[in-house]
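query.txt, holding compact mmCIF, C-alpha atoms and all ligand atoms:
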```
# COMPACT_ATOMS: atom_id res chain seq x y z
CA MET A 15 7.38 4.64 -4.07
CA ILE A 16 3.80 3.39 -4.00
CA ASN A 17 1.41 5.87 -2.40
CA HIS A 18 -1.99 4.40 -3.11
CA HIS A 19 -3.02 1.05 -1.65
CA PRO A 20 -6.17 -1.07 -1.46
CA SER A 21 -8.19 -0.73 1.74
CA ASP A 22 -7.71 -3.23 4.56
CA GLU A 23 -11.18 -4.54 3.88
CA MET A 24 -10.22 -5.34 0.30
CA LEU A 25 -7.00 -7.04 1.41
CA LEU A 26 -8.95 -9.19 3.85
CA ALA A 27 -11.48 -10.16 1.18
CA HIS A 28 -8.53 -11.02 -1.06
CA ALA A 29 -6.83 -13.17 1.58
CA ALA A 30 -10.17 -14.93 2.08
CA GLY A 31 -10.63 -15.50 -1.66
CA GLU A 32 -13.96 -13.71 -1.58
CA THR A 33 -13.57 -11.10 -4.28
CA SER A 34 -14.55 -11.39 -7.91
CA PHE A 35 -11.97 -12.76 -10.33
CA ALA A 36 -11.16 -9.35 -11.84
CA MET A 37 -10.68 -7.83 -8.41
CA ALA A 38 -8.49 -10.74 -7.31
CA LEU A 39 -6.26 -10.09 -10.32
CA ALA A 40 -5.91 -6.41 -9.46
CA LEU A 41 -5.16 -7.12 -5.80
CA SER A 42 -2.74 -9.93 -6.56
CA ALA A 43 -0.84 -7.79 -9.08
CA HIS A 44 -0.67 -4.92 -6.59
CA CYS A 45 0.71 -7.25 -3.91
CA GLU A 46 3.36 -8.43 -6.30
CA LEU A 47 4.54 -4.83 -6.66
CA CYS A 48 3.89 -3.72 -3.09
CA HIS A 49 5.80 -5.43 -0.31
CA GLN A 50 3.72 -3.76 2.38
CA CYS A 51 0.37 -5.09 1.13
CA ALA A 52 1.87 -8.51 0.39
CA GLU A 53 2.98 -8.74 4.02
CA ARG A 54 -0.45 -7.66 5.16
CA VAL A 55 -2.16 -10.34 3.06
CA SER A 56 0.25 -12.96 4.31
CA LEU A 57 -0.53 -12.00 7.90
CA LEU A 58 -4.27 -12.09 7.21
CA GLN A 59 -3.84 -15.53 5.65
CA GLN A 60 -2.21 -16.77 8.82
CA LYS A 61 -5.11 -15.47 10.86
CA LEU A 62 -7.69 -16.92 8.49
CA ALA A 63 -5.86 -20.24 8.56
CA ARG A 64 -5.98 -20.21 12.34
CA HIS A 65 -9.63 -19.29 12.20
CA HIS A 66 -10.62 -22.09 9.82
CA LEU A 67 -8.03 -24.80 10.35
CA SER A 68 -6.48 -24.66 13.77
CA ALA A 69 -6.75 -26.69 16.89
CA PRO A 70 -9.73 -25.46 18.85
CA SER A 71 -8.01 -25.01 22.20
CA GLY A 72 -6.25 -21.85 23.31
CA VAL A 73 -4.75 -21.29 19.89
CA ASN A 74 -7.97 -19.92 18.52
CA ALA A 75 -8.46 -16.87 20.63
CA LEU A 76 -11.06 -15.44 18.30
CA ASP A 77 -13.83 -17.86 19.12
CA ASP A 78 -15.26 -18.47 22.50
CA ALA A 79 -14.50 -21.90 23.82
CA THR A 80 -17.97 -23.37 24.00
CA ARG A 81 -18.94 -22.56 20.45
CA VAL A 82 -15.73 -24.05 19.16
CA GLU A 83 -16.21 -27.25 21.07
CA THR A 84 -19.71 -27.76 19.72
CA ARG A 85 -18.49 -27.11 16.21
CA THR A 86 -15.58 -29.48 16.63
CA GLU A 87 -17.76 -32.28 17.92
CA ALA A 88 -20.12 -31.86 15.02
CA GLN A 89 -17.17 -31.83 12.65
CA GLN A 90 -15.54 -34.89 14.10
CA SER A 91 -18.53 -37.08 14.84
CA ASP A 92 -19.22 -37.99 11.24
CA TRP A 93 -15.63 -38.07 10.10
CA LEU A 94 -15.77 -41.85 10.13
CA ASN A 95 -15.52 -44.42 7.38
CA MET A 96 -13.30 -42.14 5.40
CA ASP A 97 -10.94 -45.01 4.60
CA SER A 98 -11.84 -45.13 0.92
CA LEU A 99 -11.10 -41.43 0.52
CA PHE A 100 -7.84 -41.89 2.39
CA ASP A 101 -6.89 -44.83 0.15
CA ALA A 102 -7.80 -42.90 -2.99
CA ILE A 103 -5.59 -40.00 -1.98
CA THR A 104 -2.59 -42.02 -0.89
CA ALA A 105 -2.77 -44.04 -4.12
CA THR A 106 -2.05 -40.82 -6.03
CA GLU A 107 1.43 -40.64 -7.44
CA ALA A 108 3.08 -37.26 -7.58
CA GLU A 109 2.78 -36.01 -11.12
CA GLU A 110 5.85 -35.54 -13.18
CA PRO A 111 5.99 -31.80 -13.68
CA VAL A 112 6.45 -30.65 -17.21
CA LEU A 113 8.90 -27.81 -17.41
CA THR A 114 8.13 -25.49 -20.27
CA LYS A 115 9.28 -21.98 -20.93
CA GLY A 116 5.71 -20.76 -21.09
CA ASP A 117 5.27 -22.11 -17.61
CA LEU A 118 8.21 -20.32 -16.13
CA GLY A 119 8.61 -17.21 -18.19
CA PRO A 120 6.98 -13.95 -17.25
CA ALA A 121 3.83 -12.69 -18.92
CA VAL A 122 4.87 -10.44 -21.77
CA THR A 123 2.69 -8.32 -23.99
CA ALA A 124 3.53 -5.86 -26.74
CA VAL A 125 1.56 -2.79 -27.71
CA LYS A 126 2.55 0.09 -30.00
CA GLY A 127 5.92 -1.50 -30.59
CA GLU A 128 6.75 -1.56 -26.88
CA GLN A 129 7.14 -4.71 -24.80
CA PHE A 130 5.86 -4.93 -21.24
CA ILE A 131 6.49 -7.57 -18.61
CA LEU A 132 3.36 -8.07 -16.59
CA PRO A 133 3.03 -9.33 -13.02
CA ARG A 134 3.02 -13.12 -12.86
CA THR A 135 -0.66 -13.12 -12.00
CA PHE A 136 -1.27 -12.59 -15.72
CA ARG A 137 1.02 -15.35 -16.97
CA GLN A 138 -1.69 -17.81 -17.85
CA LEU A 139 -4.47 -15.31 -18.43
CA ILE A 140 -2.68 -13.28 -21.09
CA HIS A 141 -2.38 -16.40 -23.27
CA SER A 142 -5.82 -17.83 -22.48
CA ASP A 143 -9.01 -17.65 -24.48
CA LEU A 144 -10.26 -15.06 -22.00
CA ALA A 145 -7.85 -12.46 -23.39
CA SER A 146 -8.72 -10.48 -26.51
CA SER A 147 -6.07 -8.82 -28.65
CA TRP A 148 -4.96 -5.20 -28.34
CA LYS A 149 -7.33 -2.77 -30.03
CA GLY A 150 -6.57 0.90 -30.27
CA LEU A 151 -7.83 4.28 -31.24
CA GLY A 152 -5.33 7.12 -31.35
CA ASN A 153 -3.24 7.18 -28.21
CA VAL A 154 -5.40 4.70 -26.33
CA SER A 155 -5.20 0.90 -26.68
CA ARG A 156 -7.10 -1.72 -24.79
CA LEU A 157 -6.80 -5.47 -24.25
CA ARG A 158 -9.93 -6.88 -22.70
CA PHE A 159 -10.18 -9.90 -20.41
CA ASP A 160 -13.47 -11.75 -20.35
CA THR A 161 -13.44 -12.54 -16.65
CA GLN A 162 -17.15 -13.43 -16.64
CA ASP A 163 -17.86 -11.41 -13.54
CA GLY A 164 -21.23 -10.09 -14.62
CA LYS A 165 -21.03 -6.41 -15.49
CA ALA A 166 -17.42 -5.89 -14.43
CA ARG A 167 -15.03 -5.30 -17.31
CA ALA A 168 -11.35 -5.94 -16.83
CA SER A 169 -8.66 -4.81 -19.24
CA LEU A 170 -5.15 -3.68 -19.78
CA LEU A 171 -5.14 -0.07 -20.90
CA HIS A 172 -2.23 1.57 -22.64
CA ILE A 173 -1.98 5.29 -23.19
CA ALA A 174 0.85 6.49 -25.38
CA ALA A 175 3.08 9.37 -24.27
CA GLY A 176 1.27 12.69 -24.27
CA GLY A 177 -2.09 10.91 -24.40
CA GLU A 178 -5.23 11.78 -22.55
CA ILE A 179 -8.50 10.06 -21.79
CA PRO A 180 -11.50 12.37 -22.21
CA GLU A 181 -13.14 13.46 -18.99
CA HIS A 182 -15.46 10.75 -17.78
CA THR A 183 -17.47 9.59 -14.84
CA HIS A 184 -18.32 6.06 -13.81
CA LYS A 185 -21.65 4.57 -13.08
CA GLY A 186 -20.03 2.05 -10.80
CA VAL A 187 -16.62 1.88 -9.32
CA GLU A 188 -13.43 1.95 -11.33
CA ILE A 189 -10.23 0.33 -10.15
CA THR A 190 -6.95 1.27 -11.76
CA LEU A 191 -3.64 -0.41 -11.04
CA LEU A 192 -0.77 1.40 -12.68
CA LEU A 193 1.75 -1.13 -13.97
CA ASP A 194 4.19 1.02 -15.89
CA GLY A 195 4.78 4.73 -16.49
CA HIS A 196 2.97 7.63 -14.84
CA PHE A 197 -0.21 9.61 -15.13
CA SER A 198 -1.97 12.38 -13.33
CA ASP A 199 -5.48 13.68 -13.01
CA GLU A 200 -7.31 16.41 -11.09
CA PHE A 201 -6.65 14.55 -7.84
CA GLY A 202 -2.96 13.74 -8.01
CA SER A 203 -0.17 11.99 -9.83
CA TYR A 204 0.52 8.29 -9.85
CA GLY A 205 3.39 5.86 -10.45
CA PRO A 206 3.94 2.12 -10.95
CA GLY A 207 2.16 -0.04 -8.38
CA ASP A 208 -0.35 2.62 -7.34
CA PHE A 209 -3.84 1.20 -6.79
CA MET A 210 -6.68 3.69 -7.26
CA LEU A 211 -10.36 3.39 -6.62
CA MET A 212 -12.71 5.94 -8.19
CA ASP A 213 -16.39 5.95 -7.46
CA GLY A 214 -19.20 7.37 -9.56
CA SER A 215 -19.22 10.71 -7.82
CA LYS A 216 -15.91 11.91 -9.19
CA GLN A 217 -15.00 13.12 -12.65
CA HIS A 218 -11.46 12.83 -13.86
CA THR A 219 -9.29 13.40 -16.89
CA PRO A 220 -6.13 11.30 -16.72
CA ILE A 221 -3.19 12.53 -18.76
CA THR A 222 0.23 10.98 -19.16
CA GLN A 223 3.54 12.60 -20.15
CA ASP A 224 5.64 9.46 -20.56
CA GLY A 225 2.90 6.99 -21.46
CA CYS A 226 1.49 4.33 -19.16
CA LEU A 227 0.11 0.83 -18.86
CA CYS A 228 -2.69 0.07 -16.39
CA PHE A 229 -4.91 -2.79 -15.38
CA THR A 230 -8.44 -1.49 -14.95
CA VAL A 231 -11.68 -2.95 -13.68
CA VAL A 232 -14.80 -0.96 -14.46
CA ASP A 233 -18.10 -1.46 -12.67
CA ALA A 234 -16.34 -3.66 -10.17
CA PRO A 235 -18.75 -5.03 -7.65
CA LEU A 236 -17.63 -3.72 -4.31
CA HIS A 237 -19.79 -6.08 -2.39
CA PHE A 238 -17.84 -9.25 -2.03
CA THR A 239 -19.13 -12.49 -3.40
CA ARG A 240 -20.38 -13.94 -0.21
CA GLY A 241 -20.40 -13.84 3.47
CA LEU A 242 -17.86 -11.10 4.05
CA SER A 243 -19.98 -9.48 6.69
CA LYS A 244 -20.41 -12.87 8.30
CA LEU A 245 -16.69 -13.36 8.11
CA LEU A 246 -15.99 -9.92 9.49
CA ASN A 247 -18.12 -10.63 12.47
CA PRO A 248 -15.92 -13.12 14.35
CA ILE A 249 -12.66 -11.68 13.12
CA GLY A 250 -13.57 -8.05 12.85
CA GLU A 251 -10.73 -7.27 15.18
CA LEU A 252 -8.32 -8.23 12.43
CA ILE A 253 -8.99 -5.04 10.60
CA TYR A 254 -10.69 -2.57 12.88
CA MET B 14 -11.81 -37.58 20.58
CA VAL B 15 -12.16 -33.85 21.04
CA LYS B 16 -9.62 -33.96 23.80
CA GLN B 17 -7.14 -35.64 21.52
CA VAL B 18 -7.63 -32.99 18.86
CA GLN B 19 -7.01 -30.24 21.33
CA GLU B 20 -3.55 -31.47 22.07
CA ILE B 21 -2.39 -31.10 18.50
CA ASP B 22 -0.10 -28.13 18.05
CA ASP B 23 1.76 -26.56 15.16
CA ASN B 24 4.81 -28.62 15.85
CA SER B 25 3.04 -31.98 15.56
CA LEU B 26 1.53 -30.85 12.27
CA LYS B 27 5.00 -29.98 11.04
CA GLN B 28 6.46 -33.33 12.10
CA TRP B 29 3.68 -35.20 10.31
CA LEU B 30 4.09 -33.19 7.14
CA LEU B 31 7.85 -33.74 7.14
CA ALA B 32 7.30 -37.48 7.58
CA VAL B 33 5.00 -37.42 4.54
CA ALA B 34 7.51 -35.37 2.56
CA ASN B 35 10.53 -37.50 3.40
CA GLN B 36 9.17 -41.01 3.89
CA ARG B 37 5.71 -40.96 2.28
CA ASP B 38 4.59 -41.93 5.76
CA LYS B 39 0.93 -43.00 5.51
CA GLN B 40 0.35 -43.01 9.25
CA ALA B 41 1.50 -39.42 9.51
CA PHE B 42 -0.68 -38.53 6.55
CA ARG B 43 -3.63 -40.22 8.25
CA ALA B 44 -3.13 -37.90 11.21
CA LEU B 45 -3.13 -34.86 8.92
CA PHE B 46 -6.13 -36.29 7.06
CA ASP B 47 -8.15 -36.72 10.25
CA TYR B 48 -7.10 -33.34 11.57
CA PHE B 49 -7.70 -31.19 8.48
CA GLY B 50 -10.40 -33.23 6.70
CA PRO B 51 -13.42 -32.22 8.80
CA LYS B 52 -12.29 -28.60 8.92
CA ILE B 53 -11.86 -28.40 5.14
CA ARG B 54 -15.26 -30.01 4.70
CA ALA B 55 -16.86 -27.40 6.97
CA PHE B 56 -15.16 -24.60 5.04
CA GLY B 57 -16.25 -26.18 1.74
CA LEU B 58 -19.85 -26.47 2.90
CA SER B 59 -19.99 -22.80 3.84
CA ARG B 60 -18.51 -21.69 0.51
CA LEU B 61 -19.86 -24.23 -1.95
CA SER B 62 -23.14 -25.08 -0.19
CA GLN B 63 -23.16 -28.71 -1.31
CA GLN B 64 -21.94 -31.78 0.51
CA GLY B 65 -20.58 -33.37 -2.70
CA LEU B 66 -18.59 -30.26 -3.66
CA ALA B 67 -17.32 -29.91 -0.10
CA MET B 68 -15.97 -33.47 -0.26
CA ASP B 69 -14.37 -32.69 -3.64
CA LEU B 70 -12.62 -29.78 -1.95
CA VAL B 71 -11.38 -32.11 0.81
CA GLN B 72 -10.06 -34.58 -1.75
CA GLU B 73 -8.38 -31.97 -3.98
CA THR B 74 -6.79 -30.14 -1.07
CA LEU B 75 -5.48 -33.22 0.74
CA THR B 76 -4.26 -34.79 -2.51
CA THR B 77 -2.11 -31.69 -3.01
CA VAL B 78 -0.84 -32.01 0.56
CA TRP B 79 0.03 -35.66 -0.12
CA THR B 80 1.74 -35.10 -3.48
CA LYS B 81 3.45 -31.77 -2.74
CA ALA B 82 4.45 -32.17 0.89
CA HIS B 83 8.13 -31.95 -0.12
CA LEU B 84 7.57 -28.41 -1.47
CA PHE B 85 6.52 -27.09 1.91
CA ASP B 86 9.23 -24.85 3.29
CA SER B 87 9.39 -25.81 6.95
CA ASP B 88 11.74 -22.95 7.82
CA LYS B 89 9.36 -20.25 6.73
CA GLY B 90 5.92 -21.71 6.75
CA ASN B 91 3.23 -22.75 9.14
CA VAL B 92 1.46 -25.97 8.13
CA ALA B 93 -2.09 -24.71 8.71
CA THR B 94 -1.39 -21.58 6.67
CA TRP B 95 0.01 -23.67 3.83
CA VAL B 96 -3.02 -25.98 3.82
CA TYR B 97 -5.29 -22.94 4.02
CA THR B 98 -3.77 -21.39 0.88
CA ILE B 99 -4.10 -24.66 -1.02
CA MET B 100 -7.73 -24.97 0.08
CA ARG B 101 -8.60 -21.34 -0.67
CA ASN B 102 -7.03 -21.49 -4.15
CA GLN B 103 -8.77 -24.74 -4.94
CA CYS B 104 -12.09 -23.40 -3.70
CA PHE B 105 -11.72 -20.29 -5.88
CA ASP B 106 -11.25 -22.46 -8.97
CA MET B 107 -14.13 -24.74 -7.97
CA LEU B 108 -16.48 -21.77 -7.62
CA ARG B 109 -15.56 -20.61 -11.12
CA ARG B 110 -16.18 -24.12 -12.38
CA VAL B 111 -19.59 -24.30 -10.72
CA GLN B 112 -20.69 -20.77 -11.58
CA HIS B 113 -19.16 -20.28 -15.01
CA ASN B 114 -18.42 -23.78 -16.20
CA ARG B 115 -14.72 -22.91 -16.53
CA GLU B 116 -12.15 -25.67 -16.30
CA ASP B 117 -9.16 -23.32 -16.06
CA THR B 118 -7.25 -22.88 -12.83
CA PHE B 119 -6.14 -19.40 -11.85
CA GLY B 120 -6.08 -19.80 -8.08
CA ASP B 121 -2.37 -20.63 -7.93
CA ASP B 122 -1.53 -17.73 -10.26
CA ILE B 123 -3.40 -15.27 -8.05
CA TRP B 124 -2.04 -16.59 -4.76
CA PRO B 125 1.32 -18.32 -5.35
CA LEU B 126 1.75 -21.30 -3.06
CA PHE B 127 5.36 -20.57 -2.35
CA ASP B 128 6.64 -17.78 -0.19
CA SER B 129 7.72 -14.89 -2.23
CA ASP B 130 9.62 -11.69 -2.06
CA PRO B 131 7.34 -9.41 -4.02
CA ALA B 132 9.48 -6.33 -3.60
CA SER B 133 12.30 -7.98 -5.47
CA ASP B 134 13.65 -5.99 -8.40
CA GLU B 135 14.12 -9.22 -10.24
CA PHE B 136 10.48 -8.95 -11.26
CA ALA B 137 11.75 -7.51 -14.53
CA ASP B 138 14.50 -10.04 -15.09
CA HIS B 139 13.58 -12.55 -17.71
CA LYS B 140 16.85 -14.05 -18.79
CA LEU B 141 15.44 -17.49 -18.28
CA ASP B 142 18.34 -19.51 -19.58
CA ASN B 143 20.82 -17.81 -17.29
CA LEU B 144 18.45 -18.36 -14.45
CA LEU B 145 18.07 -22.01 -15.24
CA ALA B 146 21.81 -22.42 -15.36
CA ALA B 147 22.21 -20.67 -12.04
CA TYR B 148 19.51 -22.72 -10.36
CA LEU B 149 20.68 -26.02 -11.77
CA GLY B 150 23.71 -25.51 -9.58
CA LYS B 151 21.46 -25.52 -6.52
CA LEU B 152 20.13 -29.01 -7.15
CA PRO B 153 21.68 -32.01 -5.45
CA LYS B 154 24.19 -33.65 -7.80
CA LEU B 155 22.11 -36.77 -8.54
CA GLN B 156 19.07 -34.71 -9.54
CA ARG B 157 21.17 -32.22 -11.48
CA GLU B 158 22.80 -34.80 -13.71
CA VAL B 159 19.41 -36.25 -14.62
CA VAL B 160 17.85 -32.85 -15.41
CA GLN B 161 20.91 -31.88 -17.43
CA GLY B 162 20.93 -35.18 -19.28
CA ILE B 163 17.28 -34.94 -20.29
CA TYR B 164 16.95 -31.24 -20.99
CA LEU B 165 20.40 -30.12 -22.11
CA GLN B 166 21.89 -33.25 -23.65
CA GLU B 167 18.46 -34.41 -24.78
CA LEU B 168 19.00 -38.04 -23.80
CA SER B 169 16.01 -40.30 -23.34
CA GLN B 170 15.26 -41.51 -19.81
CA GLN B 171 16.22 -45.03 -20.88
CA GLU B 172 19.56 -43.87 -22.34
CA LEU B 173 20.30 -41.96 -19.19
CA ALA B 174 19.45 -44.97 -17.00
CA GLU B 175 21.94 -47.07 -18.95
CA LYS B 176 24.59 -44.37 -18.93
CA LEU B 177 24.37 -43.91 -15.17
CA GLY B 178 23.77 -47.58 -14.43
CA VAL B 179 20.61 -47.07 -12.36
CA PRO B 180 17.04 -48.35 -12.86
CA LEU B 181 14.63 -46.35 -15.01
CA GLY B 182 12.40 -45.73 -11.96
CA THR B 183 15.29 -44.00 -10.21
CA ILE B 184 15.78 -41.69 -13.19
CA LYS B 185 12.08 -40.87 -13.15
CA SER B 186 11.99 -40.02 -9.47
CA ARG B 187 15.22 -37.98 -9.57
CA LEU B 188 13.86 -36.07 -12.55
CA ARG B 189 10.59 -35.40 -10.80
CA LEU B 190 12.24 -34.16 -7.63
CA GLY B 191 14.75 -32.09 -9.57
CA LEU B 192 12.14 -30.41 -11.73
CA GLU B 193 9.86 -29.63 -8.84
CA LYS B 194 12.72 -28.09 -6.94
CA LEU B 195 13.74 -26.09 -9.99
CA LYS B 196 10.22 -24.96 -10.58
CA SER B 197 9.80 -23.77 -7.02
CA LEU B 198 13.13 -21.92 -7.16
CA LEU B 199 12.08 -20.19 -10.37
CA GLU B 200 8.65 -19.38 -9.05
CA LYS B 201 10.20 -17.81 -6.00
CA HIS B 202 12.44 -15.86 -8.29
CA HIS B 203 9.58 -14.50 -10.35
CA ASP B 204 7.48 -13.56 -7.38
ZN ZN A 301 0.10 -1.68 -1.27
```
Rewritten as structure tokens:
Amino acid sequence: MINHHPSDEMLLAHAAGETSFAMALALSAHCELCHQCAERVSLLQQKLARHHLSAPSGVNALDDATRVETRTEAQQSDWLNMDSLFDAITATEAEEPVLTKGDLGPAVTAVKGEQFILPRTFRQLIHSDLASSWKGLGNVSRLRFDTQDGKARASLLHIAAGGEIPEHTHKGVEITLLLDGHFSDEFGSYGPGDFMLMDGSKQHTPITQDGCLCFTVVDAPLHFTRGLSKLLNPIGELIY
Amino acid sequence: MVKQVQEIDDNSLKQWLLAVANQRDKQAFRALFDYFGPKIRAFGLSRLSQQGLAMDLVQETLTTVWTKAHLFDSDKGNVATWVYTIMRNQCFDMLRRVQHNREDTFGDDIWPLFDSDPASDEFADHKLDNLLAAYLGKLPKLQREVVQGIYLQELSQQELAEKLGVPLGTIKSRLRLGLEKLKSLLEKHHD
């Protein structure tokens, strides 16, 4: 049972593809474990698709008619002489897909002699040059991903059974997605799939009885890469 | 022109896409191209802020529509939503390319293009060979015998063409269709 979910605002930013890479990984992995949020994202995608790609009449109830018509005229008027682009596209042959086990298999990683199957979001990433190797100290091991999101640091964090992370605060925001096992802190206890957001004002000391594996993003930018407020404006009713 | 556009509904989009999937129908694709092209370009301009990049987004997105039309699941999906996910994923990768000079593509890992059942317990199942065997059975016979011949009996495409008495091109296209189908079945499974 998953009790902690991302906010609706985060799910919308995710459906719009407007979060940072590290955040998109966390949200995608949560949706893979959480049917409820996956449904929500799929619904938001439908609405975004209608917003950006649908016929302007009636269908698009979110825009007022006049604005849409102006936009459509502007869009259509110079969509001429596109024959060369059309020819280039239709000359493309479907590629022969190469079926490899790496392609199809799940993302697997091993730490402290234990093997974990990760959400499919990590399939390519875990084997890419952006992934470091597991490094550990005592009960705590970390595998860092260089997601190149500025200050944000994304990693897989493994805490062996009975382990504890010393009390700490965060300058920025910390996102934790629990992938396996359980842990608890001063605020509650958490299981697989739980998505937690801690801001700088709280202190916590996570401990785990049975050991756990998490995906964490530290100093995650909570402002979204661009235009979310602009986006929220016409479709604010989607989430409020 | 505008009037014409307004009459297009979800059902026409679906008919066009099916015609592309089943008959490689260029006229139907032209209709999709003229319908989605300007909208994708407008989206690309707002995200990527450059005309050239916006046109790259149009080309990448519509090329995927053209080459992968047969993977669209018309029972479950809405055409605009499918095109939107392709466009959004592509745009995500393009932004990483522009901002960080990365050539990798993670968009389709983050947002799988095929409908999925994320709550499925089979998340943890990784007996790939059993899976492959089970899914092979779901392929049409002609595609199955080609996939089996190449991957299980390790015949060359030429050997298989001779054995089955069909042209090499037929082997190639059956193999392509079979593998794509298999891949989408497996991706659904792992979702
Ligand atoms: Zn959730």
**Message:** Could you list the protein, DNA and RNA residues that have any atom within 8 Å of ligand ZN 301 (chain A), counting only C-alpha atoms and all ligand atoms, and write them as a PyMOL selection string?
**Reply:** chain A and resi 16-20+44-45+47-52+207-209
For the selection you just gave me, I'd like the residues written to a file as a tab-separated table (two decimals), keeping the file's coordinate frame, keeping C-alpha atoms.
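Once written, selection.tsv looks like this:
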```tsv
chain	number	residue	atom	x	y	z
A	16	ILE	CA	3.80	3.39	-4.00
A	17	ASN	CA	1.41	5.87	-2.40
A	18	HIS	CA	-1.99	4.40	-3.11
A	19	HIS	CA	-3.02	1.05	-1.65
A	20	PRO	CA	-6.17	-1.07	-1.46
A	44	HIS	CA	-0.67	-4.92	-6.59
A	45	CYS	CA	0.71	-7.25	-3.91
A	47	LEU	CA	4.54	-4.83	-6.66
A	48	CYS	CA	3.89	-3.72	-3.09
A	49	HIS	CA	5.80	-5.43	-0.31
A	50	GLN	CA	3.72	-3.76	2.38
A	51	CYS	CA	0.37	-5.09	1.13
A	52	ALA	CA	1.87	-8.51	0.39
A	207	GLY	CA	2.16	-0.04	-8.38
A	208	ASP	CA	-0.35	2.62	-7.34
A	209	PHE	CA	-3.84	1.20	-6.79
```
**Asked** Within 12 Å of (-8.4, 8.5, -8.2), in the coordinates the file gives, what residues turn up when you count all atoms listed in the file, written out as a PyMOL selection string?
**Response** chain A and resi 17-20+183-184+187-192+197-204+208-220
Those residues with C-alpha atoms, as a PDB file, in the frame of the given file please?
```pdb
ATOM      1  CA  ASN A  17       1.410   5.870  -2.400  1.00  0.00           C
ATOM      2  CA  HIS A  18      -1.990   4.400  -3.110  1.00  0.00           C
ATOM      3  CA  HIS A  19      -3.020   1.050  -1.650  1.00  0.00           C
ATOM      4  CA  PRO A  20      -6.170  -1.070  -1.460  1.00  0.00           C
ATOM      5  CA  THR A 183     -17.470   9.590 -14.840  1.00  0.00           C
ATOM      6  CA  HIS A 184     -18.320   6.060 -13.810  1.00  0.00           C
ATOM      7  CA  VAL A 187     -16.620   1.880  -9.320  1.00  0.00           C
ATOM      8  CA  GLU A 188     -13.430   1.950 -11.330  1.00  0.00           C
ATOM      9  CA  ILE A 189     -10.230   0.330 -10.150  1.00  0.00           C
ATOM     10  CA  THR A 190      -6.950   1.270 -11.760  1.00  0.00           C
ATOM     11  CA  LEU A 191      -3.640  -0.410 -11.040  1.00  0.00           C
ATOM     12  CA  LEU A 192      -0.770   1.400 -12.680  1.00  0.00           C
ATOM     13  CA  PHE A 197      -0.210   9.610 -15.130  1.00  0.00           C
ATOM     14  CA  SER A 198      -1.970  12.380 -13.330  1.00  0.00           C
ATOM     15  CA  ASP A 199      -5.480  13.680 -13.010  1.00  0.00           C
ATOM     16  CA  GLU A 200      -7.310  16.410 -11.090  1.00  0.00           C
ATOM     17  CA  PHE A 201      -6.650  14.550  -7.840  1.00  0.00           C
ATOM     18  CA  GLY A 202      -2.960  13.740  -8.010  1.00  0.00           C
ATOM     19  CA  SER A 203      -0.170  11.990  -9.830  1.00  0.00           C
ATOM     20  CA  TYR A 204       0.520   8.290  -9.850  1.00  0.00           C
ATOM     21  CA  ASP A 208      -0.350   2.620  -7.340  1.00  0.00           C
ATOM     22  CA  PHE A 209      -3.840   1.200  -6.790  1.00  0.00           C
ATOM     23  CA  MET A 210      -6.680   3.690  -7.260  1.00  0.00           C
ATOM     24  CA  LEU A 211     -10.360   3.390  -6.620  1.00  0.00           C
ATOM     25  CA  MET A 212     -12.710   5.940  -8.190  1.00  0.00           C
ATOM     26  CA  ASP A 213     -16.390   5.950  -7.460  1.00  0.00           C
ATOM     27  CA  GLY A 214     -19.200   7.370  -9.560  1.00  0.00           C
ATOM     28  CA  SER A 215     -19.220  10.710  -7.820  1.00  0.00           C
ATOM     29  CA  LYS A 216     -15.910  11.910  -9.190  1.00  0.00           C
ATOM     30  CA  GLN A 217     -15.000  13.120 -12.650  1.00  0.00           C
ATOM     31  CA  HIS A 218     -11.460  12.830 -13.860  1.00  0.00           C
ATOM     32  CA  THR A 219      -9.290  13.400 -16.890  1.00  0.00           C
ATOM     33  CA  PRO A 220      -6.130  11.300 -16.720  1.00  0.00           C
TER      34      PRO A 220
END
```
**Request:** Counting only C-alpha atoms, note down every residue that has an atom within 6 Å of the point (6.5, -10.4, -19.4) (file coordinates), as a PyMOL selection string.
**Result:** chain A and resi 120-122+130-132
**Item:** Polymer residues at most 6 Å from range 76-83 of chain B, all atoms listed in the file, same-chain spacing of 2 or more positions, as number ranges by chain
**Value:** A: 103, 108; B: 34, 72-74, 85
**Prompt:** Leaving out Leu188 in chain B and any residue of its chain fewer than 4 positions from it, which residues lie within 6 Å of it when counting only C-alpha atoms, given as a PyMOL selection string?
**Reply:** chain B and resi 159-160+184+192
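Here CA of Asn91 in chain B stands at a distance of 13.2 Å from CA of Leu58 in chain A.
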**Message:** I need the residue nearest chain A from this list: B:Gln171, B:Gln112, B:Gln28, B:Gln64. Use only C-alpha atoms for the distance.
**Reply:**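 Selected residue with least distance to chain A: B:Gln112.
Using only C-alpha atoms for every distance, the candidate list B:Glu116, B:Leu31, B:Arg43, B:Leu70 yields B:Arg43 as the residue closest to Asp101 in chain A.
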**Prompt:** What's the 8 Å shell around Arg167 in chain A, counting all atoms listed in the file, without same-chain residues fewer than 4 positions away, as a ChimeraX atom specification?
**Reply:** /A:36,158-161,163,230-234
If you keep C-alpha atoms, can you produce a file of those selected residues as a compact mmCIF listing (two decimals), in the coordinates of the input?
```txt
# COMPACT_ATOMS: atom_id res chain seq x y z
CA ALA A 36 -11.16 -9.35 -11.84
CA ARG A 158 -9.93 -6.88 -22.70
CA PHE A 159 -10.18 -9.90 -20.41
CA ASP A 160 -13.47 -11.75 -20.35
CA THR A 161 -13.44 -12.54 -16.65
CA ASP A 163 -17.86 -11.41 -13.54
CA THR A 230 -8.44 -1.49 -14.95
CA VAL A 231 -11.68 -2.95 -13.68
CA VAL A 232 -14.80 -0.96 -14.46
CA ASP A 233 -18.10 -1.46 -12.67
CA ALA A 234 -16.34 -3.66 -10.17
```
